[in-house]
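Enquirer: Next comes the structure file protein-v5.txt, holding compact mmCIF, C-alpha atoms and all ligand atoms.
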# COMPACT_ATOMS: atom_id res chain seq x y z
CA MET Y 1 -84.41 -130.39 -25.40
CA LYS Y 2 -81.43 -131.55 -27.42
CA SER Y 3 -81.83 -128.70 -29.88
CA VAL Y 4 -81.92 -126.17 -27.04
CA LEU Y 5 -78.64 -127.58 -25.72
CA LYS Y 6 -77.14 -127.47 -29.21
CA GLY Y 7 -78.23 -123.88 -29.58
CA MET Y 8 -76.65 -122.92 -26.26
CA LEU Y 9 -73.40 -124.64 -27.17
CA LEU Y 10 -73.35 -122.77 -30.48
CA LEU Y 11 -73.86 -119.48 -28.70
CA LEU Y 12 -71.07 -120.28 -26.26
CA LEU Y 13 -68.78 -121.18 -29.13
CA LEU Y 14 -69.58 -117.92 -30.88
CA ALA Y 15 -68.91 -115.98 -27.68
CA LEU Y 16 -65.57 -117.73 -27.24
CA CYS Y 17 -64.61 -117.01 -30.84
CA GLY Y 18 -65.61 -113.38 -30.32
CA ALA Y 19 -63.50 -113.15 -27.19
CA ALA Y 20 -60.55 -114.77 -28.99
CA VAL Y 21 -60.84 -112.29 -31.86
CA PHE Y 22 -61.13 -109.43 -29.37
CA VAL Y 23 -58.10 -110.59 -27.44
CA PHE Y 24 -56.09 -111.26 -30.54
CA PHE Y 25 -56.84 -108.11 -32.44
CA VAL Y 26 -57.53 -105.60 -29.71
CA LYS Y 27 -55.74 -106.63 -26.53
CA LEU Y 28 -52.76 -108.20 -28.26
CA GLU Y 29 -52.50 -105.45 -30.87
CA SER Y 30 -48.94 -104.48 -31.72
CA HIS Y 31 -49.37 -100.84 -32.77
CA PRO Y 32 -47.32 -98.60 -30.49
CA PRO Y 33 -48.62 -95.11 -29.60
CA VAL Y 34 -47.80 -92.30 -32.01
CA ILE Y 35 -45.84 -89.40 -30.46
CA GLU Y 36 -45.60 -85.90 -31.94
CA VAL Y 37 -43.53 -82.98 -30.62
CA LYS Y 38 -44.30 -79.52 -31.97
CA GLY Y 39 -42.69 -76.10 -31.53
CA LEU Y 40 -39.31 -77.07 -30.06
CA PRO Y 41 -36.66 -75.16 -32.06
CA LYS Y 42 -33.27 -76.63 -32.97
CA LEU Y 43 -31.69 -73.66 -31.21
CA ALA Y 44 -33.46 -72.96 -27.95
CA GLY Y 45 -33.08 -70.17 -25.41
CA ARG Y 46 -34.21 -69.28 -21.90
CA LYS Y 47 -37.79 -70.34 -22.47
CA LEU Y 48 -38.79 -73.66 -23.99
CA THR Y 49 -42.34 -73.78 -25.27
CA PHE Y 50 -43.57 -76.86 -27.08
CA THR Y 51 -46.42 -79.34 -27.19
CA VAL Y 52 -46.30 -83.09 -26.89
CA ARG Y 53 -49.07 -85.22 -28.30
CA ALA Y 54 -49.48 -88.98 -27.87
CA GLU Y 55 -52.15 -91.05 -29.50
CA ASP Y 56 -53.13 -94.71 -29.48
CA ARG Y 57 -56.21 -95.59 -31.50
CA HIS Y 58 -56.21 -99.27 -30.64
CA SER Y 59 -56.02 -100.09 -26.95
CA GLY Y 60 -55.59 -96.56 -25.62
CA LEU Y 61 -52.83 -94.90 -23.58
CA ARG Y 62 -51.41 -96.44 -20.40
CA GLU Y 63 -48.47 -94.13 -19.62
CA LEU Y 64 -46.82 -90.98 -20.90
CA SER Y 65 -43.59 -89.41 -19.66
CA VAL Y 66 -41.59 -86.39 -20.79
CA TYR Y 67 -37.92 -85.81 -19.88
CA LEU Y 68 -35.14 -83.38 -20.63
CA VAL Y 69 -31.80 -85.16 -20.92
CA GLN Y 70 -28.38 -83.55 -20.97
CA GLY Y 71 -25.33 -85.75 -20.40
CA ARG Y 72 -26.13 -87.72 -17.24
CA LYS Y 73 -28.86 -85.36 -16.14
CA LYS Y 74 -32.38 -86.63 -16.66
CA ILE Y 75 -35.05 -84.15 -15.66
CA LEU Y 76 -38.63 -85.31 -15.45
CA LEU Y 77 -41.10 -82.75 -16.78
CA LYS Y 78 -44.27 -84.81 -16.68
CA GLU Y 79 -45.39 -88.34 -15.93
CA LEU Y 80 -48.97 -89.49 -16.47
CA GLY Y 81 -50.67 -92.85 -16.07
CA TRP Y 82 -54.22 -93.96 -16.80
CA PRO Y 83 -56.29 -96.85 -15.41
CA VAL Y 84 -56.34 -99.85 -17.68
CA SER Y 85 -59.26 -102.24 -17.56
CA PHE Y 86 -58.34 -105.84 -18.34
CA LEU Y 87 -60.92 -106.15 -21.07
CA ARG Y 88 -61.65 -102.63 -22.24
CA GLY Y 89 -58.13 -101.21 -22.27
CA SER Y 90 -57.68 -97.50 -21.57
CA ARG Y 91 -60.39 -94.94 -22.15
CA VAL Y 92 -57.80 -92.28 -23.02
CA HIS Y 93 -56.86 -92.49 -26.68
CA SER Y 94 -54.99 -89.23 -27.10
CA ARG Y 95 -53.49 -86.54 -24.94
CA GLU Y 96 -51.84 -83.21 -25.78
CA ILE Y 97 -49.75 -81.34 -23.22
CA SER Y 98 -48.30 -77.85 -23.63
CA PHE Y 99 -45.03 -77.03 -21.91
CA SER Y 100 -43.44 -73.72 -21.06
CA VAL Y 101 -40.31 -74.39 -19.04
CA SER Y 102 -37.17 -72.54 -18.12
CA PRO Y 103 -34.30 -74.94 -18.89
CA VAL Y 104 -31.96 -72.98 -16.58
CA GLU Y 105 -34.30 -73.37 -13.59
CA LYS Y 106 -34.52 -77.07 -14.41
CA GLY Y 107 -30.74 -77.31 -14.15
CA LEU Y 108 -29.72 -77.51 -17.81
CA SER Y 109 -26.70 -75.62 -19.09
CA GLU Y 110 -25.68 -74.32 -22.49
CA GLY Y 111 -25.03 -76.98 -25.14
CA PRO Y 112 -26.76 -79.99 -26.72
CA ALA Y 113 -29.73 -81.61 -24.97
CA VAL Y 114 -32.52 -84.03 -25.87
CA LEU Y 115 -36.22 -84.03 -25.20
CA VAL Y 116 -37.32 -87.62 -24.57
CA VAL Y 117 -40.99 -88.58 -24.72
CA SER Y 118 -42.13 -92.12 -24.04
CA ALA Y 119 -45.62 -93.57 -24.19
CA ALA Y 120 -47.06 -97.03 -23.59
CA ASP Y 121 -50.46 -98.33 -24.64
CA ALA Y 122 -52.96 -100.67 -22.96
CA SER Y 123 -52.17 -103.70 -25.10
CA TRP Y 124 -51.51 -107.09 -23.40
CA ARG Y 125 -48.28 -107.45 -25.25
CA ASN Y 126 -44.88 -107.01 -23.69
CA ARG Y 127 -45.94 -108.98 -20.59
CA LEU Y 128 -48.99 -106.76 -20.17
CA ARG Y 129 -46.85 -103.60 -20.14
CA GLY Y 130 -48.08 -102.50 -23.54
CA ASN Y 131 -46.39 -101.37 -26.73
CA LEU Y 132 -43.81 -98.72 -26.01
CA SER Y 133 -42.88 -95.68 -28.17
CA VAL Y 134 -39.92 -93.41 -27.47
CA LYS Y 135 -39.28 -90.17 -29.33
CA ARG Y 136 -36.04 -88.24 -28.94
CA VAL Y 137 -35.82 -84.65 -30.16
CA PRO Y 138 -32.31 -83.21 -29.97
CA PHE Y 139 -31.80 -79.44 -29.59
CA THR Y 140 -29.08 -77.02 -28.58
CA LEU Y 141 -29.45 -74.65 -25.69
CA ASP Y 142 -28.08 -71.15 -26.36
CA LEU Y 143 -28.20 -68.87 -23.32
CA THR Y 144 -25.74 -66.20 -24.37
CA PRO Y 145 -27.20 -62.94 -25.72
CA PRO Y 146 -25.42 -61.25 -28.65
CA ARG Y 147 -22.50 -59.00 -27.73
CA VAL Y 148 -23.21 -55.34 -28.39
CA THR Y 149 -20.87 -52.33 -28.45
CA VAL Y 150 -22.29 -48.84 -28.82
CA LEU Y 151 -20.06 -46.91 -31.24
CA SER Y 152 -21.82 -43.55 -30.90
CA ARG Y 153 -20.51 -41.44 -28.03
CA THR Y 154 -23.10 -38.91 -26.91
CA VAL Y 155 -26.32 -38.86 -28.89
CA TYR Y 156 -28.11 -35.51 -29.00
CA LEU Y 157 -31.84 -35.87 -28.59
CA ALA Y 158 -34.52 -33.18 -28.70
CA PRO Y 159 -38.29 -33.18 -29.10
CA GLY Y 160 -38.89 -33.24 -32.86
CA GLY Y 161 -35.19 -33.95 -33.50
CA SER Y 162 -33.41 -36.79 -35.32
CA ALA Y 163 -30.31 -38.69 -34.23
CA LEU Y 164 -28.11 -41.51 -35.48
CA VAL Y 165 -27.10 -44.40 -33.23
CA LEU Y 166 -24.18 -46.55 -34.41
CA TYR Y 167 -23.36 -49.85 -32.76
CA ARG Y 168 -21.80 -53.23 -33.39
CA VAL Y 169 -23.26 -56.68 -32.78
CA GLY Y 170 -21.03 -59.74 -32.24
CA GLU Y 171 -23.20 -62.32 -34.00
CA LYS Y 172 -25.85 -61.77 -36.63
CA PRO Y 173 -28.96 -60.89 -34.58
CA ALA Y 174 -32.48 -62.06 -35.38
CA ARG Y 175 -33.81 -58.63 -34.34
CA THR Y 176 -31.93 -55.45 -33.57
CA GLY Y 177 -32.54 -51.75 -33.20
CA VAL Y 178 -32.93 -49.00 -30.65
CA LEU Y 179 -35.68 -48.57 -28.09
CA LEU Y 180 -36.40 -44.92 -27.38
CA ASN Y 181 -39.20 -44.60 -24.82
CA ASP Y 182 -41.97 -46.80 -26.21
CA ARG Y 183 -40.76 -46.86 -29.80
CA PHE Y 184 -38.60 -49.41 -31.57
CA PHE Y 185 -36.32 -48.04 -34.29
CA ARG Y 186 -34.96 -50.69 -36.63
CA GLY Y 187 -31.19 -51.05 -36.96
CA TYR Y 188 -29.82 -51.42 -40.48
CA PRO Y 189 -26.68 -53.51 -41.12
CA LEU Y 190 -23.59 -51.70 -42.39
CA LYS Y 191 -20.05 -52.99 -43.01
CA GLN Y 192 -17.91 -54.78 -40.35
CA GLY Y 193 -20.82 -55.95 -38.19
CA ALA Y 194 -21.86 -52.35 -37.56
CA TYR Y 195 -25.49 -51.24 -37.44
CA ALA Y 196 -27.12 -47.84 -37.81
CA ALA Y 197 -30.47 -46.78 -36.42
CA LEU Y 198 -32.01 -43.39 -37.10
CA VAL Y 199 -34.10 -42.42 -34.08
CA ALA Y 200 -36.37 -39.51 -33.23
CA LEU Y 201 -38.39 -38.05 -30.39
CA PRO Y 202 -41.86 -36.82 -31.32
CA VAL Y 203 -42.57 -33.10 -30.64
CA THR Y 204 -44.79 -34.07 -27.72
CA GLU Y 205 -42.16 -36.14 -25.85
CA LYS Y 206 -40.09 -33.99 -23.51
CA VAL Y 207 -38.50 -36.75 -21.43
CA VAL Y 208 -36.38 -39.81 -22.13
CA ARG Y 209 -37.45 -42.80 -20.05
CA LYS Y 210 -35.59 -45.45 -21.99
CA PHE Y 211 -32.84 -45.28 -24.60
CA VAL Y 212 -31.11 -48.60 -25.31
CA VAL Y 213 -29.64 -50.61 -28.15
CA LEU Y 214 -31.40 -53.95 -28.40
CA ALA Y 215 -30.12 -57.15 -29.98
CA GLU Y 216 -31.90 -60.50 -29.88
CA ASP Y 217 -30.63 -63.82 -31.26
CA GLY Y 218 -32.55 -66.70 -32.81
CA ALA Y 219 -32.91 -68.41 -29.42
CA GLY Y 220 -34.59 -65.32 -27.95
CA ASN Y 221 -31.58 -64.19 -25.87
CA ARG Y 222 -31.84 -60.46 -25.65
CA LEU Y 223 -29.40 -57.75 -24.67
CA GLU Y 224 -30.25 -54.13 -23.95
CA LEU Y 225 -27.39 -51.68 -23.67
CA PRO Y 226 -27.98 -48.06 -22.63
CA VAL Y 227 -26.94 -45.28 -24.99
CA SER Y 228 -25.48 -42.13 -23.47
CA TYR Y 229 -27.35 -39.05 -24.57
CA TYR Y 230 -27.88 -35.38 -24.04
CA LEU Y 231 -31.47 -34.15 -24.12
CA LYS Y 232 -31.90 -30.66 -25.48
CA ARG Y 233 -34.95 -28.59 -24.72
CA ARG Y 234 -36.82 -27.21 -27.64
CA ARG Y 235 -39.66 -24.71 -27.60
CA PHE Y 236 -42.25 -24.68 -30.30
CA PRO Y 237 -44.21 -21.60 -31.33
CA ARG Y 238 -47.87 -21.28 -30.45
CA VAL Y 239 -49.82 -19.83 -33.31
CA ARG Y 240 -53.33 -18.35 -33.48
CA MET Y 241 -55.14 -19.24 -36.67
CA ARG Y 242 -58.20 -17.20 -37.66
CA LEU Y 243 -60.82 -19.11 -39.62
CA SER Y 244 -62.75 -17.02 -42.10
CA ASP Y 245 -66.05 -17.88 -43.75
CA ARG Y 246 -64.28 -17.31 -47.04
CA PHE Y 247 -61.78 -20.13 -46.20
CA LEU Y 248 -64.54 -22.48 -45.01
CA ASN Y 249 -66.61 -21.81 -48.15
CA PHE Y 250 -63.55 -22.32 -50.34
CA LYS Y 251 -62.19 -25.53 -48.74
CA MET Y 252 -64.92 -27.52 -46.99
CA PRO Y 253 -66.90 -28.64 -50.11
CA GLU Y 254 -63.77 -30.57 -51.28
CA PHE Y 255 -63.88 -32.66 -48.09
CA ILE Y 256 -67.68 -33.10 -48.06
CA SER Y 257 -67.56 -34.41 -51.63
CA ARG Y 258 -64.84 -36.92 -50.73
CA TYR Y 259 -65.93 -37.97 -47.23
CA PRO Y 260 -69.67 -38.39 -46.52
CA GLU Y 261 -68.88 -38.24 -42.76
CA ALA Y 262 -67.56 -34.68 -43.22
CA GLN Y 263 -71.16 -33.48 -43.73
CA LYS Y 264 -72.05 -31.72 -40.46
CA ASN Y 265 -74.65 -29.14 -39.38
CA ASP Y 266 -72.43 -26.31 -40.61
CA LEU Y 267 -69.08 -25.75 -42.33
CA LEU Y 268 -67.41 -25.10 -38.97
CA GLY Y 269 -68.49 -28.59 -37.85
CA THR Y 270 -66.98 -29.97 -41.06
CA PHE Y 271 -63.74 -28.07 -40.39
CA ILE Y 272 -63.45 -29.47 -36.87
CA TRP Y 273 -63.99 -33.01 -38.16
CA VAL Y 274 -61.40 -32.50 -40.93
CA ASN Y 275 -58.85 -30.81 -38.67
CA GLU Y 276 -59.08 -33.38 -35.90
CA THR Y 277 -60.56 -36.73 -36.99
CA LEU Y 278 -59.33 -36.73 -40.58
CA ARG Y 279 -55.91 -35.34 -39.55
CA ARG Y 280 -55.50 -38.14 -36.98
CA ARG Y 281 -56.49 -40.73 -39.56
CA ASN Y 282 -54.12 -39.29 -42.20
CA ASN Y 283 -51.21 -39.09 -39.73
CA LYS Y 284 -51.82 -42.71 -38.80
CA THR Y 285 -51.59 -43.71 -42.49
CA ILE Y 286 -48.34 -41.73 -42.84
CA ALA Y 287 -46.90 -43.29 -39.68
CA GLU Y 288 -47.71 -46.78 -40.98
CA ILE Y 289 -46.14 -46.19 -44.39
CA THR Y 290 -42.99 -44.68 -42.91
CA SER Y 291 -42.61 -47.31 -40.16
CA ARG Y 292 -42.13 -50.18 -42.61
CA PRO Y 293 -38.56 -51.31 -43.22
CA SER Y 294 -36.86 -48.96 -45.67
CA GLU Y 295 -36.20 -50.64 -48.98
CA ALA Y 296 -34.29 -47.83 -50.64
CA PRO Y 297 -30.50 -47.71 -50.35
CA PHE Y 298 -29.24 -44.83 -48.19
CA ARG Y 299 -27.72 -42.58 -50.85
CA ILE Y 300 -27.86 -39.29 -48.93
CA SER Y 301 -24.60 -37.43 -49.60
CA GLY Y 302 -25.49 -34.01 -48.19
CA ALA Y 303 -28.33 -31.87 -46.90
CA LEU Y 304 -31.87 -32.40 -48.21
CA ARG Y 305 -33.01 -29.89 -50.81
CA ALA Y 306 -36.28 -28.06 -50.27
CA LEU Y 307 -38.38 -26.05 -52.69
CA PRO Y 308 -36.02 -23.47 -54.25
CA HIS Y 309 -36.69 -19.69 -54.17
CA ALA Y 310 -39.43 -20.20 -51.63
CA ALA Y 311 -40.55 -18.21 -48.59
CA LYS Y 312 -41.26 -20.02 -45.36
CA ARG Y 313 -44.91 -19.58 -44.44
CA ALA Y 314 -45.11 -21.85 -41.40
CA ASP Y 315 -42.70 -23.70 -39.14
CA PHE Y 316 -42.42 -27.29 -38.02
CA GLY Y 317 -43.83 -27.87 -34.54
CA GLU Y 318 -46.23 -24.92 -34.47
CA PHE Y 319 -49.01 -25.58 -32.04
CA ARG Y 320 -52.01 -24.02 -33.72
CA THR Y 321 -55.16 -22.84 -32.01
CA TYR Y 322 -57.99 -22.10 -34.41
CA TYR Y 323 -60.43 -19.23 -33.72
CA TYR Y 324 -63.75 -18.66 -35.41
CA ARG Y 325 -65.48 -15.32 -34.73
CA GLY Y 326 -63.24 -14.89 -31.67
CA ARG Y 327 -64.04 -18.33 -30.26
CA LYS Y 328 -61.47 -21.16 -29.81
CA VAL Y 329 -62.75 -24.03 -31.94
CA SER Y 330 -59.90 -26.47 -32.63
CA ARG Y 331 -56.20 -27.22 -32.15
CA ALA Y 332 -53.48 -29.06 -34.08
CA TRP Y 333 -49.75 -29.58 -34.34
CA HIS Y 334 -48.24 -28.48 -37.66
CA LEU Y 335 -45.65 -31.13 -38.45
CA GLY Y 336 -43.87 -29.76 -41.51
CA LEU Y 337 -42.58 -26.64 -43.23
CA ASP Y 338 -44.88 -24.58 -45.42
CA LEU Y 339 -42.91 -23.23 -48.36
CA ALA Y 340 -44.42 -20.88 -50.92
CA SER Y 341 -43.02 -19.91 -54.30
CA VAL Y 342 -44.83 -18.92 -57.47
CA ALA Y 343 -48.05 -20.87 -58.07
CA ARG Y 344 -47.63 -24.31 -59.62
CA SER Y 345 -43.89 -24.41 -58.96
CA PRO Y 346 -42.15 -27.67 -59.79
CA VAL Y 347 -41.38 -29.64 -56.59
CA PRO Y 348 -37.96 -31.36 -56.52
CA ALA Y 349 -37.20 -34.60 -54.69
CA ALA Y 350 -35.21 -33.62 -51.58
CA ALA Y 351 -32.75 -36.51 -52.12
CA PRO Y 352 -32.52 -39.74 -54.13
CA GLY Y 353 -35.24 -42.12 -53.05
CA ARG Y 354 -38.05 -44.49 -53.89
CA VAL Y 355 -41.71 -43.46 -54.14
CA VAL Y 356 -43.67 -45.32 -51.42
CA PHE Y 357 -46.89 -43.28 -51.58
CA ALA Y 358 -48.46 -41.20 -54.36
CA ASP Y 359 -52.15 -40.51 -53.81
CA TYR Y 360 -54.75 -38.14 -52.37
CA LEU Y 361 -54.51 -38.14 -48.56
CA GLY Y 362 -57.18 -36.03 -46.84
CA ILE Y 363 -55.83 -32.84 -45.25
CA TYR Y 364 -52.54 -33.33 -47.14
CA GLY Y 365 -54.31 -33.35 -50.53
CA ASN Y 366 -52.28 -34.93 -53.34
CA THR Y 367 -49.27 -36.35 -51.55
CA VAL Y 368 -45.98 -38.05 -52.42
CA ILE Y 369 -43.80 -39.86 -49.86
CA LEU Y 370 -40.21 -40.84 -50.68
CA ASP Y 371 -38.13 -43.50 -48.91
CA HIS Y 372 -34.46 -42.47 -48.64
CA GLY Y 373 -33.24 -45.58 -46.83
CA LEU Y 374 -32.34 -46.18 -43.14
CA GLY Y 375 -35.91 -45.23 -42.22
CA LEU Y 376 -35.70 -41.63 -43.50
CA TYR Y 377 -38.70 -40.36 -45.46
CA THR Y 378 -39.82 -37.05 -46.99
CA LEU Y 379 -43.41 -36.02 -47.65
CA TYR Y 380 -44.73 -33.46 -50.16
CA ALA Y 381 -48.33 -32.29 -49.71
CA HIS Y 382 -51.01 -30.09 -51.37
CA LEU Y 383 -49.64 -31.03 -54.84
CA ALA Y 384 -51.48 -30.24 -58.08
CA GLY Y 385 -51.67 -33.84 -59.22
CA ILE Y 386 -49.93 -37.17 -58.94
CA GLU Y 387 -46.95 -37.25 -61.29
CA VAL Y 388 -44.95 -40.24 -59.98
CA GLN Y 389 -45.80 -43.86 -59.26
CA VAL Y 390 -45.25 -46.05 -56.23
CA GLY Y 391 -42.05 -48.07 -56.68
CA GLU Y 392 -40.42 -45.47 -58.96
CA GLU Y 393 -36.83 -44.43 -58.18
CA VAL Y 394 -36.24 -40.68 -58.26
CA SER Y 395 -32.97 -38.76 -58.26
CA ALA Y 396 -32.22 -35.70 -56.12
CA GLY Y 397 -33.85 -32.63 -57.62
CA GLN Y 398 -36.09 -34.58 -60.00
CA THR Y 399 -39.55 -32.98 -60.28
CA ILE Y 400 -42.07 -35.17 -58.49
CA GLY Y 401 -45.06 -32.78 -58.71
CA HIS Y 402 -46.21 -29.16 -58.70
CA THR Y 403 -47.40 -26.97 -55.83
CA ASP Y 404 -51.13 -26.31 -55.40
CA THR Y 405 -53.83 -26.03 -52.75
CA THR Y 406 -55.26 -29.58 -52.57
CA GLY Y 407 -56.23 -30.72 -49.07
CA LEU Y 408 -56.36 -28.28 -46.15
CA ALA Y 409 -54.38 -25.45 -47.80
CA GLY Y 410 -55.59 -21.88 -48.10
CA GLY Y 411 -53.06 -20.81 -50.72
CA ASP Y 412 -50.62 -22.37 -53.19
CA HIS Y 413 -47.68 -23.79 -51.24
CA LEU Y 414 -45.71 -26.95 -50.52
CA HIS Y 415 -46.11 -28.63 -47.16
CA PHE Y 416 -42.79 -30.45 -46.66
CA SER Y 417 -42.37 -33.03 -43.89
CA VAL Y 418 -39.49 -35.28 -42.89
CA LEU Y 419 -40.10 -38.55 -41.03
CA VAL Y 420 -37.78 -40.94 -39.22
CA GLN Y 421 -39.28 -44.44 -38.87
CA GLY Y 422 -42.83 -43.12 -38.47
CA VAL Y 423 -42.01 -39.99 -36.42
CA PHE Y 424 -42.40 -36.45 -37.82
CA VAL Y 425 -39.13 -34.58 -37.27
CA THR Y 426 -37.99 -31.03 -37.91
CA PRO Y 427 -36.82 -30.65 -41.52
CA ILE Y 428 -34.50 -27.82 -40.40
CA GLU Y 429 -31.84 -30.32 -39.26
CA TRP Y 430 -31.94 -32.28 -42.49
CA LEU Y 431 -31.82 -29.08 -44.58
CA ASP Y 432 -28.68 -27.93 -42.73
CA PRO Y 433 -25.48 -29.17 -44.52
CA ARG Y 434 -23.38 -28.87 -41.33
CA TRP Y 435 -25.87 -30.87 -39.24
CA VAL Y 436 -26.15 -33.61 -41.89
CA ARG Y 437 -22.35 -33.83 -42.23
CA THR Y 438 -21.46 -33.87 -38.51
CA ARG Y 439 -24.42 -35.88 -37.16
CA ILE Y 440 -25.06 -38.34 -39.98
CA LEU Y 441 -22.46 -38.54 -42.77
CA ASP Y 442 -19.19 -38.29 -40.80
CA PRO Y 443 -20.13 -40.97 -38.23
CA LEU Y 444 -21.32 -43.28 -41.04
CA LYS Y 445 -18.22 -42.71 -43.17
CA ASP Y 446 -16.20 -45.75 -42.05
CA TYR Y 447 -19.08 -48.21 -42.26
CA ARG Y 448 -20.82 -47.50 -45.57
ZN ZN V 1 -48.34 -27.17 -43.79
Could I get this structure in the form of structure tokens?

Expert:
Amino acid sequence: MKSVLKGMLLLLLLALCGAAVFVFFVKLESHPPVIEVKGLPKLAGRKLTFTVRAEDRHSGLRELSVYLVQGRKKILLKELGWPVSFLRGSRVHSREISFSVSPVEKGLSEGPAVLVVSAADASWRNRLRGNLSVKRVPFTLDLTPPRVTVLSRTVYLAPGGSALVLYRVGEKPARTGVLLNDRFFRGYPLKQGAYAALVALPVTEKVVRKFVVLAEDGAGNRLELPVSYYLKRRRFPRVRMRLSDRFLNFKMPEFISRYPEAQKNDLLGTFIWVNETLRRRNNKTIAEITSRPSEAPFRISGALRALPHAAKRADFGEFRTYYYRGRKVSRAWHLGLDLASVARSPVPAAAPGRVVFADYLGIYGNTVILDHGLGLYTLYAHLAGIEVQVGEEVSAGQTIGHTDTTGLAGGDHLHFSVLVQGVFVTPIEWLDPRWVRTRILDPLKDYR
């Protein structure tokens, strides 16, 4: 009987010791919650997006509050509390909250402000109020968009045409350029805070829905200023192309050997695939290469130079309908000039530039693309071979290849295209010394 009593006493003692240890180490723990704030920039704008995370591994979270403080203003964004059991503490050990708030709607104004996050845990310390953590993250609210002045007066736009937009930005913008319909054309910095953007309308766009200069600062404040323009109409020739069996027999095996998908029931099927699917794919590649930021300096000092002593065989912007044995079989836009001279003529670079592409490219055959700076590119197709390398600098008139019939070309000629930030434009403007001088070089003169 005595030993049973002893045993019970021992058990009770052990339980008391356990409780004391529990109380001492768990309920009287002195580790405050850990607070983390992510995504709040030092310079903030009209939208604040950030996440707050609080964690307490020991007794759990009791309270969490998030405030914006500016001067005497204290704006509560969130206040949370969790039930705390006297013995078990809080069941919530961590919590992450994402915020997306408009500081203006909350009543903050431009200038310095502080994000204040406080969290308390379920410890018995601090007269049962728990260990408290407070984190203050200072930031500055910038609500003023960059100042923009458009320097260009009237900008002449036309389907398939190029234009220069000059403007000035008050502070150094994080992103700037021109929006023309759905396309963004990068603005390149010049002297005296001026910027230049070469813009273009594709041949298929006959209306202007939006034409604005855009400047955005680091805090996301954005200004859009309309550009005054004059839209010219431009008609493009419609051309009937007759497909002969001789042409199909001559050209299609080249594509079948390179692209297994080009193998169709007959050579006409191959032609349709090449002329439509492969053309689309190749044009997408070209648009991607010529939409990247130009790395070459803009050293254009006059009109571009095309293939000398050449006859024009096809125009830019021709809308071609292909007929086979009197039947309409395919259609395509021709987005360059076809220039023919004697076979295997040397092809000169149209202007100083940097080689950004030199490879076989489907319907274009062996192709070279040059970057002339400011987003202006020239493309040379159906070449005999690849004679320059990507990254190489070429001077105006330097031979970059020789004419041939590689790709979708029936006879020896150069297909010459000009692109402005990913858009095929008429080379006629860029080959015209007067146009280049009055529309590009004269306006740029004071800022280069
Ligand atoms: Zn062509």

Enquirer: Residues up to 6 Å from ligand ZN 1 (chain V), counting all atoms listed in the file: could you list those as a list in words?

Expert: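 I would give the residues around ligand ZN 1 (chain V) as Gly336, Leu337, Asp338 and His415 of chain Y.
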
Enquirer: Interatomic distance between atom CA of Arg448 of chain Y and atom CA of Gly170 of chain Y?

Expert: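 Interatomic distance, atom CA of Arg448 of chain Y to atom CA of Gly170 of chain Y: 18.1 Å.
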
Enquirer: May I have the protein, DNA and RNA residues with an atom at most 9 Å from (-30.8, -52.9, -26.3), counting all atoms listed in the file in the file's coordinates, returned as JSON, numbers by chain?

Expert: {"Y": [148, 176, 177, 178, 179, 211, 212, 213, 214, 215, 216, 222, 223, 224, 225, 226, 227]}

Enquirer: Show me, as a ChimeraX atom specification, the residues that have an atom within 9 Å of segment 189-192 of chain Y when counting all atoms listed in the file, minus same-chain residues fewer than 5 positions from it.

Expert: /Y:168,444,446-448

Enquirer: Pick out the residues sitting within 9 Å of Trp273 of chain Y, and hand them over as a list of chain:residue names; count only C-alpha atoms, and ignore anything fewer than 5 positions along from it in its own chain.

Expert: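 So the residues in contact are Y:Glu261, Y:Ala262, Y:Lys264, Y:Leu268, Y:Leu278, Y:Arg279.
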
Enquirer: Using all atoms listed in the file, can you list as a list in words the residues within 8 Å of (-29.4, -65.5, -35.3)?

Expert: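 Here the neighbourhood of the point contains Glu171, Lys172, Pro173, Ala174, Glu216, Asp217, Gly218 and Ala219 of chain Y.
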
Enquirer: Any chance you can output those residues with C-alpha atoms as a CSV table (one decimal), keeping the file's coordinate frame?

Expert:
chain,number,residue,atom,x,y,z
Y,171,GLU,CA,-23.2,-62.3,-34.0
Y,172,LYS,CA,-25.8,-61.8,-36.6
Y,173,PRO,CA,-29.0,-60.9,-34.6
Y,174,ALA,CA,-32.5,-62.1,-35.4
Y,216,GLU,CA,-31.9,-60.5,-29.9
Y,217,ASP,CA,-30.6,-63.8,-31.3
Y,218,GLY,CA,-32.6,-66.7,-32.8
Y,219,ALA,CA,-32.9,-68.4,-29.4

Enquirer: Have a look at atom CA of Glu110 of chain Y and atom CA of Tyr67 of chain Y and let me know their distance in Å, one decimal.

Expert: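 Interatomic distance, atom CA of Glu110 of chain Y to atom CA of Tyr67 of chain Y: 17.0 Å.
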
Enquirer: One decimal, in Å: what's the spacing between atom CA of Arg292 of chain Y and atom CA of Gly422 of chain Y?

Expert: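 Between atom CA of Arg292 of chain Y and atom CA of Gly422 of chain Y the gap works out to 8.2 Å.
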
Enquirer: Taking 5 positions as the minimum chain separation for residues in the same chain, which residues sit within 9 Å of segment 400-403 of chain Y when counting only C-alpha atoms? Answer as a list in words.

Expert: Ala340, Ser341, Val342, Ala343, Arg344, Ser345, Pro346, Val347, Pro348, Ala349, Val368, Tyr380, Ala381, His382, Leu383, Ala384, Gly385, Ile386, Glu387, Val388, Val394, Asp412, His413, Leu414 and His415 of chain Y

Enquirer: Excluding Leu157 of chain Y and residues on its chain fewer than 4 positions from it, collect all residues at most 9 Å away from it, counting all atoms listed in the file, and give them as a ChimeraX atom specification.

Expert: /Y:161-163,199-201,208,229-233

Enquirer: Of the candidates Y:His93, Y:Val274, Y:Leu28, Y:Leu335, which shows the shortest atom-to-atom distance to Arg127 of chain Y, using all atoms listed in the file?

Expert: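 Looking at the shortest contact to Arg127 of chain Y, the residue is Y:Leu28.
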